[in-house]
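Structure data follow from query.cif (mmCIF, C-alpha atoms):
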```
data_data
#
loop_
_atom_site.label_atom_id
_atom_site.label_comp_id
_atom_site.auth_asym_id
_atom_site.auth_seq_id
_atom_site.Cartn_x
_atom_site.Cartn_y
_atom_site.Cartn_z
CA MET X 145 28.11 63.60 85.36
CA ILE X 146 27.24 60.06 84.46
CA GLY X 147 25.24 60.98 81.40
CA ALA X 148 27.80 63.44 80.19
CA ALA X 149 30.50 60.86 80.54
CA TYR X 150 28.58 58.37 78.45
CA ALA X 151 27.75 61.00 75.87
CA GLU X 152 31.39 61.92 75.71
CA GLU X 153 32.44 58.36 75.06
CA ALA X 154 29.68 57.59 72.61
CA GLY X 155 29.52 60.85 70.72
CA HIS X 156 32.86 62.50 70.54
CA GLY X 157 34.90 59.44 71.32
CA GLY X 158 38.54 60.29 71.67
CA GLY X 159 37.96 63.69 70.13
CA HIS X 160 38.82 65.34 73.40
CA GLY X 161 41.15 62.64 74.52
CA GLY X 162 43.22 63.66 77.51
CA GLY X 163 46.88 63.21 76.71
CA GLY X 164 46.52 60.00 74.75
CA THR X 165 45.07 58.02 77.67
CA GLY X 166 41.97 57.30 75.64
CA LEU X 167 39.83 58.81 78.37
CA PRO X 168 37.71 61.92 77.64
CA ASP X 169 39.07 65.22 78.88
CA PRO X 170 37.35 65.94 82.23
CA MET X 171 37.74 69.68 81.66
CA HIS X 172 35.81 69.58 78.42
CA GLN X 173 32.54 69.99 80.31
CA PHE X 174 33.63 73.47 81.43
CA GLU X 175 34.10 74.80 77.94
CA ILE X 176 32.12 77.87 76.96
CA LYS X 177 30.16 77.36 73.76
CA ARG X 178 28.76 80.35 71.93
CA LEU X 179 25.20 79.46 70.99
CA ILE X 180 24.38 82.88 69.50
CA GLU X 181 27.14 85.26 68.56
CA LEU X 182 26.34 88.74 69.81
CA ASP X 183 28.26 91.98 69.86
CA VAL X 184 27.00 94.86 72.01
CA PHE X 185 28.94 98.14 71.80
CA GLY X 186 32.11 96.28 70.98
CA PHE X 187 31.70 93.84 73.86
CA ASP X 188 31.36 90.13 73.24
CA ALA X 189 27.89 89.52 74.64
CA SER X 190 27.39 86.15 72.94
CA PHE X 191 24.65 83.97 74.32
CA THR X 192 26.70 81.03 75.59
CA ASN X 193 25.84 77.75 77.27
CA SER X 194 26.69 79.52 80.52
CA ALA X 195 24.21 82.30 79.75
CA LEU X 196 21.60 79.70 78.84
CA PHE X 197 21.82 78.09 82.26
CA MET X 198 21.80 81.47 84.00
CA VAL X 199 18.57 82.26 82.16
CA ILE X 200 17.15 78.83 82.99
CA ALA X 201 18.07 79.32 86.66
CA ALA X 202 16.49 82.78 86.82
CA ALA X 203 13.39 81.54 85.00
CA LEU X 204 13.06 78.49 87.27
CA ILE X 205 13.37 80.59 90.43
CA THR X 206 10.83 83.12 89.16
CA LEU X 207 8.40 80.44 87.99
CA PHE X 208 8.81 78.51 91.22
CA THR X 209 8.26 81.46 93.55
CA VAL X 210 5.37 82.85 91.52
CA PHE X 211 3.69 79.54 90.68
CA ALA X 212 4.06 78.17 94.20
CA MET X 213 2.45 81.29 95.68
CA ARG X 214 -0.27 81.65 93.01
CA LYS X 215 -3.02 80.75 95.49
CA GLY X 216 -1.38 82.26 98.54
CA SER X 217 -3.38 79.90 100.74
CA LEU X 218 -3.58 80.37 104.46
CA VAL X 219 -2.80 76.67 104.80
CA PRO X 220 0.01 76.14 102.29
CA GLY X 221 0.22 73.24 99.89
CA ARG X 222 3.44 71.34 99.26
CA LEU X 223 4.96 73.73 96.73
CA GLN X 224 3.88 76.81 98.65
CA SER X 225 5.46 75.35 101.79
CA VAL X 226 8.77 74.98 99.97
CA ALA X 227 8.62 78.57 98.69
CA GLU X 228 7.78 79.85 102.15
CA MET X 229 10.46 77.69 103.72
CA SER X 230 13.15 79.10 101.43
CA TYR X 231 11.90 82.61 102.26
CA GLU X 232 11.93 81.91 106.00
CA PHE X 233 15.29 80.12 105.71
CA VAL X 234 17.03 83.10 104.13
CA ALA X 235 15.12 85.60 106.28
CA GLY X 236 16.23 83.69 109.39
CA MET X 237 19.79 83.63 108.11
CA VAL X 238 19.81 87.40 107.61
CA ARG X 239 18.08 88.08 110.96
CA ASP X 240 20.46 85.83 112.90
CA ASN X 241 23.66 87.03 111.26
CA VAL X 242 22.98 90.67 110.47
CA GLY X 243 20.05 91.63 112.69
CA THR X 244 16.85 93.43 111.83
CA GLU X 245 18.59 96.32 110.08
CA GLY X 246 20.03 93.75 107.67
CA MET X 247 16.51 92.93 106.44
CA LYS X 248 16.93 95.84 104.02
CA TYR X 249 19.37 93.62 102.13
CA PHE X 250 17.21 90.50 102.43
CA PRO X 251 16.01 90.60 98.78
CA PHE X 252 19.60 90.63 97.58
CA ILE X 253 20.68 87.77 99.85
CA PHE X 254 17.58 85.80 98.84
CA THR X 255 18.27 86.33 95.14
CA LEU X 256 21.93 85.46 95.65
CA PHE X 257 21.20 82.28 97.58
CA MET X 258 18.49 81.07 95.21
CA PHE X 259 20.55 81.93 92.12
CA VAL X 260 23.70 80.15 93.31
CA LEU X 261 21.65 77.20 94.59
CA ALA X 262 19.78 76.91 91.29
CA LEU X 263 23.00 77.12 89.27
CA ASN X 264 24.70 74.50 91.47
CA MET X 265 21.70 72.18 91.30
CA LEU X 266 21.25 72.63 87.55
CA GLY X 267 24.88 71.62 87.22
CA MET X 268 23.97 68.24 88.71
CA VAL X 269 21.60 67.52 85.82
CA PRO X 270 23.34 65.31 83.24
CA TYR X 271 24.39 67.10 80.03
CA SER X 272 23.97 70.47 81.74
CA PHE X 273 26.53 73.17 82.37
CA THR X 274 27.68 74.35 85.79
CA VAL X 275 27.84 78.14 85.69
CA THR X 276 29.36 78.37 89.19
CA SER X 277 32.31 76.23 88.11
CA HIS X 278 33.68 79.33 86.39
CA ILE X 279 35.88 81.51 88.55
CA ILE X 280 34.89 84.62 86.62
CA VAL X 281 31.25 84.24 87.61
CA THR X 282 31.87 83.51 91.28
CA PHE X 283 34.54 86.21 91.43
CA ALA X 284 32.19 88.77 89.88
CA LEU X 285 29.56 87.96 92.53
CA ALA X 286 32.15 88.01 95.32
CA ALA X 287 33.72 91.24 94.08
CA PHE X 288 30.34 92.92 93.83
CA ILE X 289 29.53 91.83 97.39
CA PHE X 290 32.95 92.95 98.63
CA ILE X 291 32.69 96.40 97.03
CA ALA X 292 29.06 96.87 98.09
CA VAL X 293 29.81 95.84 101.66
CA THR X 294 32.81 98.15 101.84
CA ILE X 295 30.73 101.05 100.51
CA ILE X 296 27.99 100.26 103.06
CA GLY X 297 30.63 100.23 105.81
CA PHE X 298 32.01 103.64 104.90
CA TRP X 299 28.54 105.06 104.20
CA LYS X 300 27.31 103.89 107.59
CA HIS X 301 30.35 104.74 109.76
CA GLY X 302 32.26 107.24 107.62
CA ILE X 303 35.99 107.29 108.16
CA LYS X 304 35.50 105.46 111.48
CA PHE X 305 35.03 102.30 109.45
CA LEU X 306 38.83 102.14 109.26
CA LYS X 307 38.78 101.25 112.96
CA PHE X 308 37.53 97.90 111.77
CA PHE X 309 41.13 97.13 110.84
CA VAL X 310 42.45 98.08 114.27
CA PRO X 311 41.84 95.28 116.74
CA SER X 312 41.07 96.54 120.23
CA GLY X 313 43.01 95.55 123.33
CA VAL X 314 46.40 94.78 121.75
CA PRO X 315 49.79 96.24 122.72
CA PHE X 316 50.70 99.37 120.75
CA VAL X 317 53.84 97.83 119.29
CA MET X 318 51.85 94.99 117.81
CA LEU X 319 49.41 97.30 116.07
CA PRO X 320 51.23 97.93 112.77
CA LEU X 321 51.61 94.21 112.16
CA LEU X 322 48.04 93.41 113.13
CA VAL X 323 46.57 96.21 111.05
CA VAL X 324 48.44 94.89 108.01
CA ILE X 325 47.17 91.38 108.70
CA GLU X 326 43.61 92.66 109.16
CA VAL X 327 43.74 94.61 105.90
CA ILE X 328 45.13 91.66 104.00
CA SER X 329 42.52 89.33 105.45
CA TYR X 330 39.83 91.83 104.49
CA LEU X 331 41.13 92.21 100.95
CA THR X 332 41.34 88.46 100.41
CA ARG X 333 37.67 88.02 101.25
CA PRO X 334 36.44 88.23 97.63
CA VAL X 335 39.14 85.77 96.58
CA SER X 336 38.35 83.21 99.27
CA LEU X 337 34.62 83.65 98.78
CA SER X 338 34.78 83.13 95.02
CA VAL X 339 37.45 80.42 94.97
CA ARG X 340 35.61 78.37 97.61
CA LEU X 341 32.51 78.08 95.44
CA PHE X 342 34.33 77.76 92.12
CA ALA X 343 36.85 75.18 93.34
CA ASN X 344 34.19 73.06 95.03
CA MET X 345 32.03 72.95 91.94
CA MET X 346 34.86 72.39 89.51
CA ALA X 347 36.54 69.70 91.60
CA GLY X 348 33.27 67.85 92.17
CA HIS X 349 32.30 67.86 88.52
CA THR X 350 35.81 66.89 87.40
CA MET X 351 35.72 63.96 89.82
CA LEU X 352 32.34 62.88 88.50
CA LYS X 353 33.60 63.08 84.96
CA VAL X 354 36.78 61.13 85.71
CA PHE X 355 34.91 58.37 87.49
CA GLY X 356 32.27 58.41 84.79
CA SER X 357 34.93 57.67 82.22
CA PHE X 358 36.29 54.90 84.51
CA VAL X 359 32.86 53.24 84.43
CA VAL X 360 33.09 53.07 80.65
CA ALA X 361 36.76 52.21 80.52
CA LEU X 362 36.51 49.37 83.03
CA GLY X 363 33.50 47.94 81.24
CA LEU X 364 31.05 45.37 82.54
CA LEU X 365 33.62 43.67 84.77
CA GLY X 366 35.10 46.50 86.81
CA GLY X 367 32.82 49.38 85.97
CA TRP X 368 30.43 48.59 88.79
CA ALA X 369 32.83 49.70 91.50
CA ALA X 370 33.36 53.04 89.78
CA LEU X 371 29.62 53.34 89.20
CA ALA X 372 28.86 52.66 92.90
CA PHE X 373 31.38 55.30 93.87
CA MET X 374 29.78 57.72 91.42
CA VAL X 375 26.32 57.15 92.88
CA ALA X 376 27.61 57.92 96.37
CA PHE X 377 29.66 60.83 95.10
CA THR X 378 26.65 62.27 93.26
CA GLY X 379 24.81 62.32 96.60
CA LEU X 380 27.75 64.12 98.16
CA GLU X 381 27.85 66.57 95.26
CA LEU X 382 24.16 67.39 95.79
CA LEU X 383 25.00 68.17 99.41
CA VAL X 384 27.96 70.28 98.33
CA ALA X 385 25.79 72.12 95.80
CA PHE X 386 23.42 73.15 98.58
CA LEU X 387 26.12 73.71 101.16
CA GLN X 388 28.21 75.98 98.95
CA ALA X 389 25.18 78.12 98.10
CA TYR X 390 24.45 78.33 101.83
CA VAL X 391 28.06 79.16 102.68
CA PHE X 392 28.15 81.82 99.97
CA ALA X 393 24.99 83.44 101.31
CA ILE X 394 25.94 83.21 104.97
CA LEU X 395 29.42 84.65 104.39
CA THR X 396 27.77 87.54 102.57
CA CYS X 397 25.60 88.01 105.65
CA ILE X 398 28.66 87.95 107.91
CA TYR X 399 30.51 90.50 105.76
CA LEU X 400 27.41 92.67 105.76
CA ASN X 401 27.19 92.38 109.52
CA ASP X 402 30.85 93.47 109.80
CA ALA X 403 30.08 96.53 107.71
CA LEU X 404 26.93 97.43 109.66
CA HIS X 405 28.12 96.63 113.19
CA MET X 406 31.94 96.75 112.88
CA HIS X 407 32.97 93.58 114.66
CA MET V 110 41.41 74.98 82.01
CA PRO V 111 38.60 76.63 80.04
CA GLN V 112 37.85 78.88 83.03
CA LEU V 113 41.02 80.87 82.44
CA ASN V 114 40.29 81.93 78.88
CA PRO V 115 39.80 85.72 79.07
CA LEU V 116 37.88 85.74 75.79
CA ASP V 117 35.04 83.86 77.51
CA TRP V 118 34.82 86.28 80.43
CA ALA V 119 32.94 89.16 78.83
CA PRO V 120 29.87 87.17 77.70
CA GLN V 121 29.63 85.45 81.07
CA LEU V 122 29.90 88.71 83.01
CA ILE V 123 27.38 90.47 80.79
CA TRP V 124 24.86 87.65 81.04
CA LEU V 125 25.48 87.31 84.77
CA LEU V 126 24.68 90.99 85.17
CA VAL V 127 21.56 90.69 83.01
CA THR V 128 20.16 87.51 84.56
CA PHE V 129 21.03 88.35 88.15
CA GLY V 130 19.72 91.89 87.75
CA VAL V 131 16.45 90.75 86.20
CA LEU V 132 16.05 88.01 88.79
CA TYR V 133 16.70 90.51 91.59
CA LEU V 134 14.07 92.90 90.23
CA LEU V 135 11.58 90.07 89.77
CA MET V 136 12.17 88.95 93.34
CA VAL V 137 11.87 92.47 94.75
CA TRP V 138 8.82 93.44 92.72
CA ILE V 139 6.82 90.23 92.46
CA ALA V 140 7.93 87.14 94.34
CA LEU V 141 9.12 88.37 97.75
CA PRO V 142 6.26 90.81 98.51
CA ARG V 143 3.81 88.01 97.66
CA ILE V 144 5.47 85.43 99.92
CA GLY V 145 5.99 88.03 102.64
CA SER V 146 2.37 89.16 102.58
CA VAL V 147 1.08 85.57 102.70
CA ILE V 148 3.30 84.81 105.69
CA GLU V 149 2.30 88.03 107.41
CA THR V 150 -1.40 87.42 106.75
CA ARG V 151 -1.06 83.98 108.23
CA ALA V 152 0.81 85.31 111.27
CA ALA V 153 -1.86 87.98 111.75
CA HIS V 154 -4.61 85.39 111.35
CA ILE V 155 -2.98 83.10 113.90
CA ALA V 156 -2.46 86.00 116.30
CA ALA V 157 -6.10 87.04 115.91
CA ASP V 158 -7.27 83.48 116.46
CA LEU V 159 -5.10 83.16 119.55
CA ALA V 160 -6.46 86.46 120.87
CA ALA V 161 -10.02 85.28 120.24
CA ALA V 162 -9.27 81.99 121.99
CA GLU V 163 -7.77 83.88 124.92
CA ARG V 164 -10.83 86.17 125.06
CA LEU V 165 -13.20 83.19 124.99
CA ARG V 166 -11.18 81.46 127.68
CA ARG V 167 -11.39 84.57 129.87
CA GLU V 168 -15.13 84.80 129.24
CA THR V 169 -15.51 81.16 130.20
CA GLU V 170 -13.57 81.74 133.38
CA GLU V 171 -15.73 84.74 134.18
CA ALA V 172 -18.86 82.69 133.56
CA ILE V 173 -17.55 79.94 135.82
CA ALA V 174 -16.69 82.47 138.52
CA ALA V 175 -20.15 84.05 138.23
CA TYR V 176 -21.78 80.63 138.40
CA GLU V 177 -19.77 79.70 141.44
CA GLN V 178 -20.60 82.95 143.15
CA ALA V 179 -24.30 82.47 142.38
CA LEU V 180 -24.06 78.94 143.71
CA ALA V 181 -22.38 80.13 146.91
CA GLU V 182 -24.99 82.85 147.33
CA ALA V 183 -27.81 80.37 146.79
CA LYS V 184 -26.27 78.01 149.32
CA GLN V 185 -25.94 80.82 151.84
CA LYS V 186 -29.51 81.87 151.22
CA ALA V 187 -30.78 78.33 151.60
CA HIS V 188 -28.82 78.02 154.81
CA ALA V 189 -30.31 81.27 156.09
CA ILE V 190 -33.83 80.09 155.23
CA VAL V 191 -33.26 76.79 156.99
CA GLU V 192 -31.84 78.58 160.05
CA GLU V 193 -34.75 81.01 160.12
CA GLY V 194 -37.23 78.16 159.87
CA ARG V 195 -35.47 76.28 162.59
CA VAL V 196 -35.47 79.31 164.94
CA LYS V 197 -39.13 80.03 164.20
CA LEU V 198 -40.10 76.44 164.75
CA LYS V 199 -38.15 76.33 168.00
CA ALA V 200 -39.84 79.48 169.20
CA GLU V 201 -43.26 78.08 168.34
CA THR V 202 -42.45 74.80 170.02
CA ASP V 203 -41.15 76.60 173.09
CA ALA V 204 -44.27 78.73 173.30
CA GLU V 205 -46.49 75.67 172.90
CA ARG V 206 -44.58 73.81 175.52
CA ALA V 207 -44.69 76.75 177.94
CA LYS V 208 -48.44 77.01 177.44
CA LEU V 209 -48.85 73.30 177.98
CA ASP V 210 -46.63 73.44 181.07
CA ALA V 211 -48.72 76.26 182.48
CA GLN V 212 -51.94 74.33 181.81
CA LEU V 213 -50.53 71.22 183.38
CA ALA V 214 -49.32 73.16 186.42
CA ALA V 215 -52.76 74.78 186.80
CA LYS V 216 -54.47 71.42 186.53
CA GLY V 217 -52.05 69.93 189.06
CA GLU V 218 -52.68 72.73 191.51
CA GLU V 219 -56.43 72.36 191.08
CA ALA V 220 -56.14 68.67 191.68
CA GLU V 221 -54.01 69.22 194.74
CA ALA V 222 -56.56 71.69 196.10
CA ARG V 223 -59.33 69.17 195.51
CA ILE V 224 -57.35 66.47 197.24
CA GLU V 225 -56.69 68.78 200.19
CA LYS V 226 -60.37 69.65 200.39
CA ALA V 227 -61.31 65.99 200.20
CA LYS V 228 -58.75 65.19 202.84
CA VAL V 229 -60.09 67.90 205.18
CA ALA V 230 -63.63 66.66 204.58
CA ALA V 231 -62.53 63.12 205.19
CA MET V 232 -60.79 64.15 208.40
CA LYS V 233 -63.98 65.82 209.60
CA ASP V 234 -65.92 62.64 208.85
CA VAL V 235 -63.29 60.57 210.63
CA ASN V 236 -63.84 62.69 213.78
CA ALA V 237 -67.59 62.26 213.53
CA VAL V 238 -67.24 58.51 212.92
CA ALA V 239 -64.76 58.19 215.80
CA SER V 240 -67.10 60.15 218.10
CA ASP V 241 -70.00 57.94 217.11
CA VAL V 242 -67.93 54.76 217.53
CA ALA V 243 -66.59 56.01 220.88
CA ALA V 244 -70.10 56.92 222.08
CA ASP V 245 -71.35 53.52 221.03
CA ILE V 246 -68.47 51.75 222.78
CA VAL V 247 -69.00 53.76 225.95
CA LYS V 248 -72.77 53.01 225.88
CA LYS V 249 -72.05 49.33 225.45
CA LEU V 250 -69.52 49.35 228.27
CA ILE V 251 -71.31 51.43 230.83
CA GLY V 252 -74.83 51.29 229.55
CA THR V 253 -75.37 55.00 229.43
CA ALA V 254 -74.75 57.24 226.46
CA PRO V 255 -72.28 59.97 227.22
CA ALA V 256 -72.82 63.58 226.25
CA LYS V 257 -71.93 64.22 222.69
CA ALA V 258 -69.75 67.25 223.42
CA GLU V 259 -67.67 65.30 225.87
CA VAL V 260 -67.15 62.45 223.44
CA ASP V 261 -66.03 64.86 220.71
CA LYS V 262 -63.62 66.53 223.14
CA ALA V 263 -62.17 63.23 224.23
CA VAL V 264 -61.82 61.98 220.63
CA SER V 265 -60.04 65.14 219.52
CA ALA V 266 -57.73 64.92 222.52
CA ALA V 267 -56.97 61.31 221.72
CA ARG V 268 -56.31 62.01 218.03
CA LYS V 269 -53.97 64.85 218.87
CA ALA V 270 -51.89 62.72 221.15
#
```

Hey, can you dump this file as C-alpha cells for me?
Amino acid sequence: MIGAAYAEEAGHGGGHGGGGTGLPDPMHQFEIKRLIELDVFGFDASFTNSALFMVIAAALITLFTVFAMRKGSLVPGRLQSVAEMSYEFVAGMVRDNVGTEGMKYFPFIFTLFMFVLALNMLGMVPYSFTVTSHIIVTFALAAFIFIAVTIIGFWKHGIKFLKFFVPSGVPFVMLPLLVVIEVISYLTRPVSLSVRLFANMMAGHTMLKVFGSFVVALGLLGGWAALAFMVAFTGLELLVAFLQAYVFAILTCIYLNDALHMH
Amino acid sequence: MPQLNPLDWAPQLIWLLVTFGVLYLLMVWIALPRIGSVIETRAAHIAADLAAAERLRRETEEAIAAYEQALAEAKQKAHAIVEEGRVKLKAETDAERAKLDAQLAAKGEEAEARIEKAKVAAMKDVNAVASDVAADIVKKLIGTAPAKAEVDKAVSAARKA
C-alpha cells in the first residue's frame, strides 16, 4: 500500500527496519495488534485489527445490501442494481456449478463470496489490514467448507460416497494407486483452497509494500518508475482481490457439487 | 512472518466465527429474502406484462380477422346485389324488347297486308284502265266500239301471256 509505505517511512522510520537495509519491513503490515484485550473462558478473544476489519466488512455488506434494497423499486436505481447483480451473480454461479438443489446453500456461498470480497477489497485501502492475508483465517474457512462438504456427501449418499474415490473405467490393478491419489487430492483441497487465497493476498501486499518503500528510497529522481509500477500493480491487485474471492466461492461450489452429485 | 504466530490464531478464529456467523444470519434473515423477493416480484410483473401484451396481441388479431371476414362478407353481398340487379334488369330489358319486337312484327304484317290489298286494288284498276284504253284504241282504229266483255277478256288474256 502506497499510503502505508509512506506512513511507515514517516512515522516509524527504521523502527521496523528489515535487516539493516534501511527499508521498512514489508511483513510489518501483517502484524496482529490487540486493540482491546479480551479473555473469554480462558480463550484469547482480544479485539484485534483483524477483528476490526472483519466487523467493518460484515457491517459494510449488511449496510450495502439493506440500504441498497431499502426502496425495493421495480426499476432499480444504481445501488440497487449492484446489490441485485451480486445476488444474481452468486445465484448464477451456484445454479451453473451445483444445480438447483445447490440453491439450499446459496445463502452460505453468497455470504462467503461477499465476505472474502469485502475483506480483500478493504485490504486495498491504504492503512487498512488485510484479513485474508492470514493463513489461519483462510484455512478456517476452507476447513469448515471441507468438513461441511464431506458431511453433506456422506449424509446424501451414505457409505456410497466412498465410491467418489474410486475412478470408474480403470484397470483393476491400477485401482489401489488411483484410490490413494484420489484420497490425497481430496484431503489437500482445504490446503490448496486456503493457501491460494492467503498466498495471493500476502504476496500482493508484500509487493506493494516493497515497491512503496522503493518509491521513498529512490526519491524524486528514481521514485517515479517505482510509483508507476505501483499504480499498475495496484490495478492488478484489485483484480486479484476480486478474482480470488470468485475463485474461493466457485471452488466451494465445485466441491459442493462433488458431494451432491459425486463426479 | 506474523501469520505463523500461534498466539494470534485464537482471537482471529473467534472473531471470524462471530463476524461470519452474524453476517450469515443477517444475510439469511434480512438481506437475501429482500433482494430475492424484489427480483421475483419484478420477474412476475414482467411475466404478467408479457402475458397481457400477448393477450392484447391475440385480441387485435381476432379483431383484424373479424374485420376482414366482415369485409369479405360485405363484398360478397354487394356482388350478389349487383348480380341480382343485373339479372333483373336484363330480364326487364328482354321482356321490353320482346314486346317491342312483337309490336313491330304486328305493325309490319299489317303494313304488308295493306300493301297487298292496295296492290290487288291497283291491279284491278290497271285491268279496267287497260280495258278502257284498249276499247278506245279499237274504236279509233276501226270506228266501232267493241263489246266491253270481249275487251276485258282480250286484255286479261294479253296480261296473262

Looking at all atoms listed in the file, which of X:Met346, X:Leu322, X:Gly236, X:Met406 is the one that sits closest to chain V?
X:Met346

Go through chain X residue by residue and, counting only C-alpha atoms, keep those with an atom at most 8 Å from chain V; for each kept residue give the shortest atom pair and its distance in Å to one decimal, ordered by chain and increasing number, as CSV.
```
residue,atom,partner,partner_atom,distance
X:Met171,CA,V:Met110,CA,6.5
X:His172,CA,V:Pro111,CA,7.8
X:Phe174,CA,V:Pro111,CA,6.1
X:Glu175,CA,V:Pro111,CA,5.3
X:Ile176,CA,V:Asp117,CA,6.7
X:Phe187,CA,V:Ala119,CA,6.9
X:Asp188,CA,V:Pro120,CA,5.6
X:Ala189,CA,V:Pro120,CA,4.3
X:Ser190,CA,V:Pro120,CA,5.5
X:Phe191,CA,V:Pro120,CA,7.0
X:Thr192,CA,V:Pro120,CA,7.2
X:Ser194,CA,V:Gln121,CA,6.6
X:Ala195,CA,V:Trp124,CA,5.5
X:Met198,CA,V:Thr128,CA,6.3
X:Val199,CA,V:Thr128,CA,6.0
X:Ala202,CA,V:Leu132,CA,5.6
X:Ala203,CA,V:Leu132,CA,8.0
X:Thr206,CA,V:Leu135,CA,7.0
X:Thr209,CA,V:Ala140,CA,5.7
X:Val210,CA,V:Ala140,CA,5.7
X:Met213,CA,V:Ile144,CA,6.7
X:Gly216,CA,V:Val147,CA,5.9
X:Ser217,CA,V:Val147,CA,7.5
X:Leu218,CA,V:Arg151,CA,5.8
X:Ala227,CA,V:Ile144,CA,7.6
X:Glu228,CA,V:Ile144,CA,6.4
X:Tyr231,CA,V:Ile144,CA,7.4
X:Pro251,CA,V:Val137,CA,6.1
X:Phe252,CA,V:Tyr133,CA,6.7
X:Thr255,CA,V:Tyr133,CA,5.7
X:Phe259,CA,V:Phe129,CA,7.6
X:Ser277,CA,V:Gln112,CA,8.0
X:His278,CA,V:Gln112,CA,5.4
X:Ile279,CA,V:Gln112,CA,6.4
X:Ile280,CA,V:Trp118,CA,6.4
X:Val281,CA,V:Leu122,CA,6.6
X:Ala284,CA,V:Leu122,CA,7.2
```

Mind dumping the selected residues with C-alpha atoms as an mmCIF file, keeping the file's coordinate frame?
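In the end it all went to result.cif:
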```
data_model
loop_
_atom_site.group_PDB
_atom_site.id
_atom_site.type_symbol
_atom_site.label_atom_id
_atom_site.label_comp_id
_atom_site.auth_asym_id
_atom_site.auth_seq_id
_atom_site.Cartn_x
_atom_site.Cartn_y
_atom_site.Cartn_z
ATOM 1 C CA MET X 171 37.740 69.680 81.660
ATOM 2 C CA HIS X 172 35.810 69.580 78.420
ATOM 3 C CA PHE X 174 33.630 73.470 81.430
ATOM 4 C CA GLU X 175 34.100 74.800 77.940
ATOM 5 C CA ILE X 176 32.120 77.870 76.960
ATOM 6 C CA PHE X 187 31.700 93.840 73.860
ATOM 7 C CA ASP X 188 31.360 90.130 73.240
ATOM 8 C CA ALA X 189 27.890 89.520 74.640
ATOM 9 C CA SER X 190 27.390 86.150 72.940
ATOM 10 C CA PHE X 191 24.650 83.970 74.320
ATOM 11 C CA THR X 192 26.700 81.030 75.590
ATOM 12 C CA SER X 194 26.690 79.520 80.520
ATOM 13 C CA ALA X 195 24.210 82.300 79.750
ATOM 14 C CA MET X 198 21.800 81.470 84.000
ATOM 15 C CA VAL X 199 18.570 82.260 82.160
ATOM 16 C CA ALA X 202 16.490 82.780 86.820
ATOM 17 C CA ALA X 203 13.390 81.540 85.000
ATOM 18 C CA THR X 206 10.830 83.120 89.160
ATOM 19 C CA THR X 209 8.260 81.460 93.550
ATOM 20 C CA VAL X 210 5.370 82.850 91.520
ATOM 21 C CA MET X 213 2.450 81.290 95.680
ATOM 22 C CA GLY X 216 -1.380 82.260 98.540
ATOM 23 C CA SER X 217 -3.380 79.900 100.740
ATOM 24 C CA LEU X 218 -3.580 80.370 104.460
ATOM 25 C CA ALA X 227 8.620 78.570 98.690
ATOM 26 C CA GLU X 228 7.780 79.850 102.150
ATOM 27 C CA TYR X 231 11.900 82.610 102.260
ATOM 28 C CA PRO X 251 16.010 90.600 98.780
ATOM 29 C CA PHE X 252 19.600 90.630 97.580
ATOM 30 C CA THR X 255 18.270 86.330 95.140
ATOM 31 C CA PHE X 259 20.550 81.930 92.120
ATOM 32 C CA SER X 277 32.310 76.230 88.110
ATOM 33 C CA HIS X 278 33.680 79.330 86.390
ATOM 34 C CA ILE X 279 35.880 81.510 88.550
ATOM 35 C CA ILE X 280 34.890 84.620 86.620
ATOM 36 C CA VAL X 281 31.250 84.240 87.610
ATOM 37 C CA ALA X 284 32.190 88.770 89.880
#
```

Would you translate the PyMOL selection byres ((chain X and resi 242) around 8) into the concrete set of residues it matches in this file, as a PyMOL selection string?
chain X and resi 238-241+243-247+397-398+400-401+404

Which centre and which edge lengths, in Å to one decimal, describe the axis-aligned box that holds all listed atoms of segment 212-224 of chain V after 3 Å is added on each side, as AutoDock Vina command-line options?
```
--center_x -54.3 --center_y 70.6 --center_z 189.5 --size_x 16.0 --size_y 14.3 --size_z 21.4
```

On this structure, which residues satisfy the PyMOL selection byres ((chain X and resi 309) around 12), written as a PyMOL selection string?
chain X and resi 303-308+310-312+319-331+402-403+406-407

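Atom CA of Ala181 of chain V is positioned 18.1 Å from atom CA of Glu193 of chain V.
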
Tell me, in Å to one decimal, how far atom CA of Phe298 of chain X is from atom CA of Ser338 of chain X.
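These two atoms are separated by 22.9 Å.
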
If we count only C-alpha atoms and set the cut-off at 9 Å, which residues sit around Met258 of chain X, ignoring sequence neighbours fewer than 2 positions away in its own chain? Please answer as a list in words.
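That gives Ala201, Ala202, Ile205, Ser230, Ile253, Phe254, Thr255, Leu256, Val260, Leu261, Ala262, Leu263 and Ala389 of chain X.
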
Starting from the displayed file, determine the output of the PyMOL selection byres ((chain X and resi 289) around 12) and express the residue list as a PyMOL selection string.
chain X and resi 249+252-253+256+282-288+290-297+333-335+337-338+392-393+395-400+403

As a check of understanding: the span from atom CA of Leu364 of chain X to atom CA of Leu352 of chain X is 18.5 Å

Restricting the calculation to all atoms listed in the file: of X:Trp299, X:Ala369, X:Asn193, X:Val354, which residue gets closest to Val275 of chain X?
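Residue with the minimum atom-to-atom distance to Val275 of chain X: X:Asn193.
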
Proximity check segment 220-244 of chain V to segment 249-260 of chain V, 8 Å, nearest pairs one decimal Å, only C-alpha atoms, as JSON lines:
```
{"residue": "V:Ser240", "atom": "CA", "partner": "V:Val260", "partner_atom": "CA", "distance": 5.8}
{"residue": "V:Ala243", "atom": "CA", "partner": "V:Val260", "partner_atom": "CA", "distance": 7.0}
{"residue": "V:Ala244", "atom": "CA", "partner": "V:Pro255", "partner_atom": "CA", "distance": 6.4}
```

Per-residue nearest contacts of segment 166-241 of chain V to segment 265-268 of chain V (12 Å; all atoms listed in the file) as CSV:
```
residue,atom,partner,partner_atom,distance
V:Met232,CA,V:Arg268,CA,10.8
V:Lys233,CA,V:Ser265,CA,10.7
V:Val235,CA,V:Arg268,CA,10.3
V:Asn236,CA,V:Ser265,CA,7.3
V:Ala237,CA,V:Ser265,CA,10.1
V:Val238,CA,V:Ser265,CA,11.8
V:Ala239,CA,V:Ser265,CA,9.2
V:Ser240,CA,V:Ser265,CA,8.8
```
